[in-house]
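The data block below is model.txt; it holds compact mmCIF, C-alpha atoms.
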# COMPACT_ATOMS: atom_id res chain seq x y z
CA THR A 15 0.00 0.00 0.00
CA ILE A 16 1.37 3.42 -1.02
CA ARG A 17 0.55 6.41 1.19
CA LEU A 18 1.44 10.02 0.45
CA ALA A 19 3.26 11.73 3.32
CA THR A 20 2.82 15.52 3.36
CA THR A 21 3.53 18.54 5.52
CA PRO A 22 1.13 21.48 5.94
CA SER A 23 3.04 23.49 3.32
CA ALA A 24 3.45 20.64 0.86
CA THR A 25 1.63 20.08 -2.39
CA THR A 26 -2.11 20.48 -2.74
CA GLY A 27 -2.42 17.38 -4.86
CA LEU A 28 -0.56 14.42 -6.31
CA THR A 29 -1.47 12.91 -9.66
CA PHE A 30 -0.58 9.41 -10.72
CA ALA A 31 -0.91 7.14 -13.70
CA SER A 32 0.11 3.57 -14.38
CA ILE A 33 0.72 1.58 -17.54
CA GLY A 34 -1.65 -1.28 -18.12
CA SER A 35 -4.26 -0.48 -15.51
CA GLY A 36 -6.97 -0.78 -18.14
CA VAL A 37 -7.97 2.83 -17.57
CA LEU A 38 -4.91 5.05 -17.61
CA THR A 39 -1.77 5.27 -19.72
CA VAL A 40 1.69 6.51 -18.92
CA ARG A 41 1.13 9.97 -20.41
CA ARG A 42 -2.59 10.47 -19.84
CA MET A 43 -3.44 13.92 -18.47
CA PRO A 44 -5.24 14.77 -16.35
CA SER A 45 -4.67 11.85 -14.03
CA PRO A 46 -6.60 11.19 -10.83
CA VAL A 47 -5.71 13.33 -7.82
CA TYR A 48 -4.39 11.36 -4.87
CA THR A 49 -6.95 11.05 -2.08
CA ASP A 50 -6.53 7.57 -0.56
CA PRO A 51 -3.75 4.98 -0.17
CA ILE A 52 -3.02 3.12 -3.39
CA VAL A 53 -3.14 -0.65 -3.06
CA ILE A 54 -0.66 -2.49 -5.30
CA ASN A 55 -1.69 -6.09 -5.88
CA HIS A 56 0.00 -6.81 -9.22
CA SER A 57 2.96 -5.67 -11.34
CA LEU A 58 2.71 -2.03 -12.28
CA ARG A 59 4.54 1.25 -12.75
CA LEU A 60 3.26 4.08 -10.58
CA ARG A 61 3.93 7.64 -11.75
CA ALA A 62 3.34 10.78 -9.71
CA ARG A 63 3.79 14.52 -9.97
CA SER A 64 3.01 17.26 -7.48
CA PHE A 65 1.27 20.54 -8.24
CA GLN A 66 0.73 23.68 -6.20
CA ALA A 67 -0.84 26.91 -7.34
CA GLY A 68 1.72 29.64 -7.93
CA ARG A 69 4.67 27.25 -8.07
CA ILE A 70 6.47 25.38 -10.80
CA ASP A 71 5.13 21.84 -11.26
CA GLY A 72 7.17 19.23 -9.46
CA PRO A 73 9.26 16.73 -11.43
CA PRO A 74 7.52 13.52 -12.52
CA VAL A 75 8.78 10.46 -10.67
CA SER A 76 7.96 6.79 -10.87
CA GLU A 77 8.43 3.52 -9.05
CA SER A 78 7.89 0.08 -10.55
CA TYR A 79 6.67 -3.02 -8.74
CA LEU A 80 6.83 -6.70 -9.69
CA MET A 81 4.65 -9.54 -8.50
CA LEU A 82 6.50 -12.87 -8.88
CA ASP A 83 4.97 -16.33 -8.84
CA ALA A 84 6.58 -19.09 -6.77
CA ALA A 85 8.82 -20.25 -9.63
CA ALA A 86 10.05 -16.71 -10.27
CA GLN A 87 10.77 -16.24 -6.57
CA ALA A 88 12.86 -19.41 -6.57
CA PHE A 89 14.61 -18.75 -9.90
CA THR A 90 18.41 -18.35 -9.77
CA SER A 91 21.18 -17.93 -12.30
CA ASN A 92 24.94 -17.44 -12.36
CA ILE A 93 24.60 -14.70 -15.01
CA PRO A 94 22.60 -11.45 -14.83
CA LEU A 95 18.81 -11.56 -15.09
CA MET A 96 16.66 -9.09 -17.00
CA ILE A 97 12.92 -8.52 -16.97
CA LEU A 98 11.24 -6.48 -19.69
CA HIS A 99 7.72 -5.80 -18.45
CA SER A 100 5.34 -4.15 -20.90
CA PHE A 101 2.28 -4.38 -18.63
CA GLY A 102 0.00 -6.14 -21.07
CA SER A 103 0.91 -4.43 -24.34
CA GLY A 104 1.55 -7.76 -26.09
CA THR A 105 4.35 -9.18 -28.27
CA PRO A 106 5.81 -6.90 -30.97
CA ASN A 107 4.39 -7.51 -34.45
CA SER A 108 6.27 -10.32 -36.20
CA THR A 109 5.81 -8.72 -39.64
CA ALA A 110 8.89 -6.76 -40.70
CA PRO A 111 8.34 -2.99 -41.08
CA GLY A 112 7.50 -1.89 -44.58
CA ALA A 113 4.79 -0.21 -46.60
CA GLY A 114 1.72 -0.07 -44.37
CA THR A 115 3.49 -1.89 -41.51
CA PRO A 116 5.17 0.51 -39.08
CA GLU A 117 7.71 -0.56 -36.49
CA ASP A 118 5.84 -2.07 -33.52
CA THR A 119 7.63 -0.52 -30.56
CA LYS A 120 6.52 -1.50 -27.06
CA GLU A 121 7.04 0.61 -23.97
CA ASP A 122 8.21 -1.26 -20.92
CA VAL A 123 10.06 -1.09 -17.64
CA TRP A 124 13.48 -2.67 -17.67
CA PHE A 125 14.76 -4.47 -14.56
CA VAL A 126 18.36 -5.74 -14.16
CA PHE A 127 19.49 -8.14 -11.43
CA GLU A 128 23.22 -8.82 -11.19
CA PRO A 129 24.71 -11.87 -9.41
CA LYS A 130 25.56 -11.36 -5.74
CA PRO A 131 27.94 -13.36 -3.51
CA GLU A 132 26.36 -16.37 -1.82
CA GLY A 133 29.09 -18.30 -0.08
CA GLU A 134 31.71 -19.10 -2.71
CA THR A 135 29.40 -18.54 -5.69
CA MET A 136 27.72 -15.61 -7.43
CA VAL A 137 23.94 -15.92 -7.73
CA ALA A 138 21.35 -13.67 -9.38
CA ARG A 139 17.83 -13.75 -7.94
CA LEU A 140 14.65 -11.93 -8.96
CA THR A 141 13.90 -11.48 -5.27
CA ASN A 142 17.02 -9.33 -4.78
CA PRO A 143 16.71 -5.55 -5.05
CA PRO A 144 17.22 -4.72 -8.75
CA ASP A 145 20.51 -3.11 -9.74
CA MET A 146 18.75 -0.97 -12.34
CA VAL A 147 15.14 -0.06 -13.05
CA ALA A 148 14.34 2.21 -15.98
CA PRO A 149 11.34 2.96 -18.17
CA GLY A 150 12.10 2.22 -21.79
CA TYR A 151 11.13 0.45 -24.98
CA PHE A 152 11.91 -2.63 -27.05
CA GLU A 153 11.24 -3.75 -30.61
CA ARG A 154 12.18 -6.65 -32.85
CA ARG A 155 15.35 -6.40 -34.92
CA GLY A 156 16.97 -8.43 -37.64
CA SER A 157 16.29 -9.43 -41.22
CA SER A 158 15.96 -13.17 -41.73
CA THR A 159 15.37 -13.63 -37.98
CA PHE A 160 12.81 -10.86 -37.51
CA GLY A 161 9.87 -13.24 -37.13
CA ALA A 162 11.70 -15.89 -35.09
CA ALA A 163 10.06 -17.25 -31.95
CA LYS A 164 13.13 -16.15 -29.98
CA PHE A 165 13.69 -12.80 -31.66
CA SER A 166 16.49 -10.30 -31.19
CA MET A 167 15.61 -6.83 -29.91
CA THR A 168 16.70 -3.24 -29.93
CA MET A 169 15.98 -1.80 -26.53
CA GLY A 170 16.60 1.42 -24.68
CA ALA A 171 15.73 3.66 -21.77
CA PHE A 172 13.52 6.72 -21.33
CA ASP A 173 13.63 9.51 -18.81
CA GLU A 174 10.49 10.45 -16.87
CA PHE A 175 9.32 12.66 -19.76
CA GLY A 176 9.49 9.82 -22.28
CA ASP A 177 12.67 11.08 -23.98
CA GLY A 178 15.86 9.10 -24.42
CA GLY A 179 17.60 8.57 -21.09
CA ASP A 180 21.18 7.35 -20.75
CA VAL A 181 21.76 4.33 -18.50
CA SER A 182 24.79 2.13 -17.85
CA PRO A 183 23.53 -1.40 -17.17
CA LEU A 184 25.94 -4.16 -16.25
CA GLY A 185 28.89 -1.78 -16.26
CA PHE A 186 28.43 -0.77 -19.90
CA ALA A 187 29.28 2.76 -21.00
CA SER A 188 26.32 5.11 -20.56
CA ASN A 189 23.93 5.30 -23.51
CA ASP A 190 20.22 5.14 -24.29
CA ASP A 191 20.04 2.14 -26.66
CA PHE A 192 21.33 -1.42 -26.59
CA VAL A 193 20.76 -4.80 -28.26
CA LEU A 194 19.55 -8.17 -27.00
CA ASN A 195 20.90 -10.62 -29.57
CA SER A 196 19.52 -14.16 -29.74
CA LEU A 197 21.10 -15.66 -32.91
CA PHE A 198 18.93 -18.67 -32.12
CA ASP A 199 19.11 -20.21 -35.61
CA PHE A 200 22.71 -19.34 -36.50
CA ASP A 201 24.81 -19.47 -33.33
CA ARG A 202 23.12 -21.30 -30.50
CA SER A 203 26.37 -21.23 -28.55
CA LEU A 204 26.08 -17.40 -28.37
CA VAL A 205 29.88 -17.31 -28.59
CA HIS A 206 30.92 -16.39 -32.13
CA ASN A 207 30.11 -12.66 -32.21
CA ASP A 208 30.95 -12.21 -28.54
CA LEU A 209 34.42 -13.71 -28.98
CA ALA A 210 35.16 -11.64 -32.10
CA TYR A 211 34.02 -8.43 -30.37
CA ARG A 212 36.11 -9.17 -27.29
CA LEU A 213 39.25 -9.87 -29.32
CA SER A 214 38.73 -6.60 -31.19
CA ASN A 215 38.42 -4.63 -27.96
CA GLU A 216 41.50 -6.31 -26.51
CA VAL A 217 43.66 -5.18 -29.46
CA GLY A 218 42.37 -1.61 -29.12
CA ARG A 219 39.75 -1.47 -31.88
CA TRP A 220 36.25 -0.58 -30.73
CA ALA A 221 33.58 -3.26 -30.88
CA PRO A 222 30.34 -3.72 -28.95
CA ARG A 223 30.76 -4.91 -25.38
CA THR A 224 28.74 -8.05 -24.70
CA ARG A 225 27.47 -9.95 -21.69
CA HIS A 226 25.23 -13.00 -21.48
CA VAL A 227 21.96 -12.54 -19.61
CA GLU A 228 18.82 -14.56 -18.94
CA VAL A 229 15.71 -12.72 -20.06
CA PHE A 230 12.09 -12.69 -18.93
CA MET A 231 9.56 -10.70 -20.95
CA SER A 232 6.15 -10.23 -19.39
CA MET A 233 4.02 -9.10 -22.33
CA ASN A 234 0.75 -11.03 -21.97
CA ASN A 235 -2.08 -8.73 -23.04
CA ASP A 236 -4.90 -10.78 -21.53
CA VAL A 237 -6.91 -9.18 -18.75
CA GLY A 238 -8.17 -10.81 -15.60
CA ALA A 239 -11.79 -11.28 -14.66
CA SER A 240 -13.48 -8.32 -13.00
CA GLY A 241 -11.74 -7.60 -9.73
CA SER A 242 -8.93 -10.13 -10.25
CA VAL A 243 -5.24 -9.65 -10.95
CA PRO A 244 -4.68 -9.12 -14.71
CA ALA A 245 -2.82 -11.89 -16.52
CA TYR A 246 0.23 -9.68 -17.04
CA GLY A 247 0.26 -8.80 -13.36
CA VAL A 248 2.35 -11.79 -12.24
CA VAL A 249 5.79 -12.66 -13.66
CA THR A 250 5.98 -16.42 -14.27
CA GLY A 251 9.35 -17.99 -13.53
CA ALA A 252 9.04 -21.46 -15.06
CA THR A 253 11.48 -22.00 -17.94
CA THR A 254 8.58 -23.56 -19.84
CA GLY A 255 6.32 -20.57 -19.14
CA ALA A 256 5.33 -17.69 -21.37
CA ASP A 257 7.58 -15.11 -19.71
CA TYR A 258 10.92 -16.96 -19.95
CA PHE A 259 12.82 -16.14 -23.16
CA GLY A 260 16.16 -17.75 -22.33
CA VAL A 261 19.78 -16.66 -22.67
CA TYR A 262 20.64 -13.63 -24.82
CA SER A 263 23.79 -11.71 -25.60
CA PHE A 264 23.33 -8.16 -24.29
CA GLN A 265 25.37 -5.78 -26.45
CA ASP A 266 26.18 -2.18 -27.22
CA LYS A 267 24.32 -1.01 -30.28
CA ILE A 268 26.73 -0.06 -33.07
CA SER A 269 26.31 3.70 -33.34
CA ARG A 270 28.26 6.95 -33.41
CA GLY A 271 29.03 8.53 -30.05
CA ALA A 272 31.71 9.40 -27.53
CA ASN A 273 31.15 6.10 -25.72
CA ARG A 274 30.92 4.12 -28.95
CA LEU A 275 32.28 4.76 -32.43
CA ASP A 276 34.06 8.10 -32.18
CA VAL A 277 33.44 9.01 -35.81
CA GLU A 278 32.98 12.61 -36.91
CA ARG A 279 29.53 13.35 -38.27
CA ARG A 280 29.59 14.33 -41.94
CA GLY A 281 27.88 17.52 -43.02
CA LEU A 282 26.95 19.07 -46.35
CA GLU A 283 30.34 20.80 -46.40
CA HIS A 284 32.12 17.43 -46.63
CA ALA A 285 32.40 16.84 -50.37
CA GLN A 286 34.81 13.88 -50.19
CA ASP A 287 34.81 10.58 -48.37
CA PRO A 288 37.26 10.35 -45.44
CA LEU A 289 40.59 8.68 -46.17
Please rewrite the model in this file as structure tokens.
Amino acid sequence: TIRLATTPSATTGLTFASIGSGVLTVRRMPSPVYTDPIVINHSLRLRARSFQAGRIDGPPVSESYLMLDAAAQAFTSNIPLMILHSFGSGTPNSTAPGAGTPEDTKEDVWFVFEPKPEGETMVARLTNPPDMVAPGYFERRGSSTFGAAKFSMTMGAFDEFGDGGDVSPLGFASNDDFVLNSLFDFDRSLVHNDLAYRLSNEVGRWAPRTRHVEVFMSMNNDVGASGSVPAYGVVTGATTGADYFGVYSFQDKISRGANRLDVERRGLEHAQDPL
């Protein structure tokens, strides 16, 4: 249960909105004004902003909450865990973008859980406090693998206003877009690209950093019966369940930037190709 603590001179009202509630959306305005404690009984993102007459509006803030089933609570791994929770928006369209078919981008909240020491081993658990939580987006990527059951994704982070927000998950250099690469049909070992990129970095030539992660994506767009928890409201931890997507290679996206390819942007004044 969430309660708003105030002082006599504090805000006159607090507005909130949550993705996937069936009524509100992340940018819907106006949102309800806070009057009573908010009961959280399923996975959701809660957004709030304070307002007071004669003062500048307060900054929007958010907190995200996960409800885990018994299998998810017991799930462990020796590599980082990620949850992409889109709060019922469904799986991205499996038809490649083209004429009449726009890119199907899903908004989500992105949770990262890194392994922690347990005795002599390192263990990642979904019940540990997350090492990173950020609103963001994901979409399918690839050409011949675009429609694969285990599809690769471009993903990134937003700030509280829905603009690109730099994050540095898993020790990666700060940026606002990354890749989850599956290569399910072509490299089930998930080693080939990762090894080549690592060798390139070790000899001083930039290549994407990579790290293996286990991924859960809670995207079910079914709704629960009246008064019950919606189907997307509980993250299922069984490896045979709908939310478990398996091991991916998390990578930098190849792009220009100070933390990536430090390549000068070409303008109209550049009449010749660089040497």
Give me, please, the distance in Å between atom CA of Gly104 of chain A and atom CA of Asn92 of chain A, quoted to one decimal.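 Computing it gives 28.8 Å between the two atoms.
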Each segment 180-249 of chain A residue no farther than 12 Å from segment 121-142 of chain A, nearest pair in Å, only C-alpha atoms, as a Markdown table:
| residue | atom | partner | partner_atom | distance |
| --- | --- | --- | --- | --- |
| A:Val181 | CA | A:Trp124 | CA | 10.9 |
| A:Ser182 | CA | A:Val126 | CA | 10.8 |
| A:Pro183 | CA | A:Val126 | CA | 7.4 |
| A:Leu184 | CA | A:Glu128 | CA | 7.4 |
| A:Gly185 | CA | A:Glu128 | CA | 10.4 |
| A:Phe192 | CA | A:Trp124 | CA | 11.9 |
| A:Arg225 | CA | A:Glu128 | CA | 11.4 |
| A:His226 | CA | A:Glu128 | CA | 11.3 |
| A:Val227 | CA | A:Glu128 | CA | 9.3 |
| A:Glu228 | CA | A:Phe127 | CA | 9.9 |
| A:Val229 | CA | A:Val126 | CA | 9.5 |
| A:Phe230 | CA | A:Phe125 | CA | 9.7 |
| A:Met231 | CA | A:Trp124 | CA | 9.5 |
| A:Ser232 | CA | A:Asp122 | CA | 9.3 |
| A:Met233 | CA | A:Asp122 | CA | 9.0 |
| A:Val249 | CA | A:Leu140 | CA | 10.1 |
Calculated over all atoms listed in the file, which of the candidates A:Ala67, A:Val248, A:Ile97, A:Val217 has the smallest distance to Asn55 of chain A? A:Val248
Using all atoms listed in the file, which protein or nucleic acid residues come within 12 Å of segment 173-178 of chain A? Drop anything in the same chain fewer than 4 positions from it, and give the result as a list in words. Val40, Arg41, Arg59, Leu60, Arg61, Ala62, Arg63, Gly72, Pro73, Pro74, Val75, Ser76, Glu77, Glu121, Asp122, Val123, Val147, Ala148, Pro149, Gly150, Tyr151, Met169, Ser188, Asn189, Asp190 and Asp191 of chain A
Work out how far atom CA of Tyr211 of chain A is from atom CA of Leu197 of chain A, in Å to one decimal.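 Between atom CA of Leu197 of chain A and atom CA of Tyr211 of chain A the gap is 15.0 Å.
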If I take atom CA of Arg279 of chain A and atom CA of Arg155 of chain A, how far is one from the other in Å, to one decimal? 24.5 Å
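For the choices A:Gly260, A:Glu283, A:Phe198, A:Arg274, the atom-to-atom distance to Asn215 of chain A is smallest for A:Arg274 when using all atoms listed in the file.
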Between A:Asp257, A:Asp208, A:Asp50, A:Asp71, single out the one closest to Met96 of chain A, counting only C-alpha atoms.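 Between A:Asp257, A:Asp208, A:Asp50, A:Asp71, the residue approaching Met96 of chain A most closely is A:Asp257.
Residue nearest Ala85 of chain A within the list A:Gly255, A:Pro46, A:Gly247, A:Pro222: A:Gly255 [criterion: smallest interatomic distance, all atoms listed in the file].
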Restricting the calculation to all atoms listed in the file, which member of A:Pro106, A:Gly271, A:Gly170, A:Phe264 is positioned closest to Ile93 of chain A? A:Phe264
